[in-house]
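Encoded as structure tokens, the structure appears first; notes follow it.
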Amino acid sequence: MRDVESHQIFYRLVTLSLRVALVLGLFSAGWLVYHKLPRPDVNSAESPVRDTTLELVLRPSPEIGGVALDIAIELYPVDIVAVRHEYFIERRAGKRFDDFLNERMNGRTPVNVRLDRQGQTSVAVSPGNWWVHAVLSGAEDLEWRLPVSVSGLKQTVELTPHNAYTRTKSF
């Protein structure tokens, strides 16, 4: 009888110790996962998302030579041409285009920059999908409507005749 009681006590102690070990194992696994999560930026009241430095470089072809490279560039968080097309195809009574565009941009604002004389500039933009709009006027006008997926700390976008949206001759 005494043997049975000691066996039950031993069984209960082993069971209790295994339960405690299971709880401690689950707790420590959760703790390790929690510590590997990204930490929010202490300077930011919102999210820990940092802006990306977007470097824009214009590389014209040698045939274009003699054209001023300090052109204006617009960065939109939406395809402005598609939004304009949508607005004018299906008119909205009492709604201005600017209001319609602001709705489509979901609180993000467009960015306007100008290239320097060497055809380069840098701008800080939030990560996400952006559209680069630019026009280079000369003997042959080049227009860019370039979708760019912005991510990371630094990214370079080259504007070349090969990735231009349209090429038109000026007369």
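To be explicit about the labels: the chains of the structure tokens are called A, B, and onward in the order shown, and within each one the residues are counted from 1, while ligands get numbers from 1 in the order they are shown.
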
Picked from region 55-117 of chain A by DSSP as strand (DSSP E or B), as a VMD selection string
chain A and resid 55 to 58 72 to 76 111 to 114

With all heavy atoms retained, write the just-selected residues as a short mmCIF file (atom, residue, chain, number, x, y, z; two decimals), in the first residue's frame.
```
data_model
loop_
_atom_site.label_atom_id
_atom_site.label_comp_id
_atom_site.auth_asym_id
_atom_site.auth_seq_id
_atom_site.Cartn_x
_atom_site.Cartn_y
_atom_site.Cartn_z
N GLU A 55 16.84 58.94 -55.51
CA GLU A 55 17.75 59.70 -56.36
C GLU A 55 17.26 59.58 -57.79
O GLU A 55 17.12 58.47 -58.31
CB GLU A 55 19.17 59.15 -56.23
CG GLU A 55 20.19 59.96 -56.98
CD GLU A 55 21.59 59.43 -56.77
OE1 GLU A 55 21.93 59.05 -55.64
OE2 GLU A 55 22.35 59.39 -57.75
N LEU A 56 16.99 60.72 -58.41
CA LEU A 56 16.51 60.75 -59.79
C LEU A 56 17.64 61.26 -60.68
O LEU A 56 18.23 62.31 -60.41
CB LEU A 56 15.29 61.67 -59.90
CG LEU A 56 14.10 61.24 -59.06
CD1 LEU A 56 13.15 62.38 -58.84
CD2 LEU A 56 13.40 60.08 -59.73
N VAL A 57 17.93 60.51 -61.74
CA VAL A 57 19.04 60.84 -62.65
C VAL A 57 18.52 60.80 -64.08
O VAL A 57 17.93 59.81 -64.51
CB VAL A 57 20.20 59.83 -62.48
CG1 VAL A 57 21.34 60.18 -63.42
CG2 VAL A 57 20.68 59.79 -61.04
N LEU A 58 18.75 61.89 -64.82
CA LEU A 58 18.37 61.96 -66.23
C LEU A 58 19.60 61.65 -67.08
O LEU A 58 20.63 62.30 -66.95
CB LEU A 58 17.84 63.36 -66.56
CG LEU A 58 17.49 63.63 -68.02
CD1 LEU A 58 16.43 62.66 -68.52
CD2 LEU A 58 17.02 65.06 -68.19
N ALA A 72 11.66 70.01 -64.39
CA ALA A 72 10.79 69.75 -63.24
C ALA A 72 10.32 68.30 -63.28
O ALA A 72 10.04 67.75 -64.36
CB ALA A 72 9.59 70.68 -63.27
N ILE A 73 10.23 67.70 -62.11
CA ILE A 73 9.75 66.32 -61.99
C ILE A 73 8.66 66.29 -60.93
O ILE A 73 8.80 66.90 -59.87
CB ILE A 73 10.89 65.35 -61.61
CG1 ILE A 73 11.88 65.27 -62.75
CG2 ILE A 73 10.35 63.98 -61.27
CD1 ILE A 73 12.99 64.28 -62.55
N GLU A 74 7.59 65.60 -61.24
CA GLU A 74 6.48 65.44 -60.29
C GLU A 74 6.38 63.97 -59.91
O GLU A 74 6.43 63.10 -60.78
CB GLU A 74 5.16 65.88 -60.92
CG GLU A 74 5.14 67.34 -61.32
CD GLU A 74 3.89 67.68 -62.12
OE1 GLU A 74 3.45 66.84 -62.95
OE2 GLU A 74 3.36 68.77 -61.91
N LEU A 75 6.24 63.72 -58.62
CA LEU A 75 6.05 62.36 -58.11
C LEU A 75 4.66 62.30 -57.50
O LEU A 75 4.34 63.07 -56.60
CB LEU A 75 7.09 62.03 -57.04
CG LEU A 75 8.53 61.95 -57.53
CD1 LEU A 75 9.48 62.20 -56.40
CD2 LEU A 75 8.77 60.59 -58.12
N TYR A 76 3.83 61.38 -58.01
CA TYR A 76 2.47 61.21 -57.51
C TYR A 76 2.33 59.81 -56.91
O TYR A 76 2.87 58.85 -57.45
CB TYR A 76 1.45 61.37 -58.63
CG TYR A 76 1.21 62.79 -59.04
CD1 TYR A 76 1.91 63.36 -60.10
CD2 TYR A 76 0.28 63.56 -58.37
CE1 TYR A 76 1.69 64.67 -60.48
CE2 TYR A 76 0.04 64.88 -58.75
CZ TYR A 76 0.76 65.41 -59.80
OH TYR A 76 0.53 66.72 -60.16
N VAL A 111 4.91 65.16 -54.78
CA VAL A 111 6.20 65.79 -54.52
C VAL A 111 6.70 66.40 -55.82
O VAL A 111 6.74 65.73 -56.84
CB VAL A 111 7.22 64.74 -53.99
CG1 VAL A 111 8.59 65.37 -53.78
CG2 VAL A 111 6.71 64.09 -52.72
N ASN A 112 7.08 67.68 -55.76
CA ASN A 112 7.64 68.37 -56.93
C ASN A 112 9.09 68.69 -56.66
O ASN A 112 9.42 69.27 -55.62
CB ASN A 112 6.87 69.66 -57.21
CG ASN A 112 5.43 69.39 -57.59
OD1 ASN A 112 5.16 68.49 -58.37
ND2 ASN A 112 4.52 70.14 -57.03
N VAL A 113 9.97 68.29 -57.59
CA VAL A 113 11.40 68.57 -57.48
C VAL A 113 11.91 69.04 -58.83
O VAL A 113 11.22 68.92 -59.84
CB VAL A 113 12.20 67.33 -57.01
CG1 VAL A 113 11.85 66.94 -55.60
CG2 VAL A 113 12.03 66.17 -57.95
N ARG A 114 13.11 69.57 -58.81
CA ARG A 114 13.74 70.02 -60.05
C ARG A 114 15.14 69.42 -60.11
O ARG A 114 15.86 69.42 -59.11
CB ARG A 114 13.80 71.54 -60.08
CG ARG A 114 14.19 72.09 -61.40
CD ARG A 114 13.78 73.55 -61.51
NE ARG A 114 13.83 73.98 -62.88
CZ ARG A 114 12.83 73.85 -63.74
NH1 ARG A 114 11.70 73.33 -63.36
NH2 ARG A 114 12.95 74.25 -64.98
#
```

Show me, as a list in words, the residues that have an atom within 10 Å of Phe100 (chain A) when counting only C-alpha atoms, minus same-chain residues fewer than 3 positions from it.
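Final neighbour list, sorted by chain and number: Val83, Arg84, Glu86, Tyr87, Arg92, Lys95, Arg96, Phe97, Glu103, Arg104 and Met105 of chain A.
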
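For the atom pair formed by CA of Gly138 (chain A) and CA of Glu158 (chain A), the distance is 18.8 Å, given to one decimal.
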
Nearest to Phe88 (chain A) by atom-to-atom distance, counting only C-alpha atoms, from A:Leu18, A:Leu101, A:Val132, A:Ile71
A:Leu101

Residue set, region 55-133 of chain A restricted to helix (DSSP H, G or I), as a ChimeraX atom specification
/A:62-64,80-89,97-105

Excluding Gln155 (chain A) and its own-chain neighbours fewer than 3 positions away, which residues fall within 10 Å of it when counting only C-alpha atoms? Please give them as an MDAnalysis selection string.
chainID A and resid 52:56 122 148:152

What separation in Å, quoted to one decimal, exists between CA of Ala82 (chain A) and CA of Leu69 (chain A)?
27.1 Å

Nearest to Arg145 (chain A), restricted to only C-alpha atoms and choosing among A:Asp79, A:Asp70, A:Asp51, A:Asp3, comes out as A:Asp79

What gap, in Å, lies between CA of Pro60 (chain A) and CA of Leu136 (chain A)?
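CA of Pro60 (chain A) sits 9.2 Å away from CA of Leu136 (chain A).
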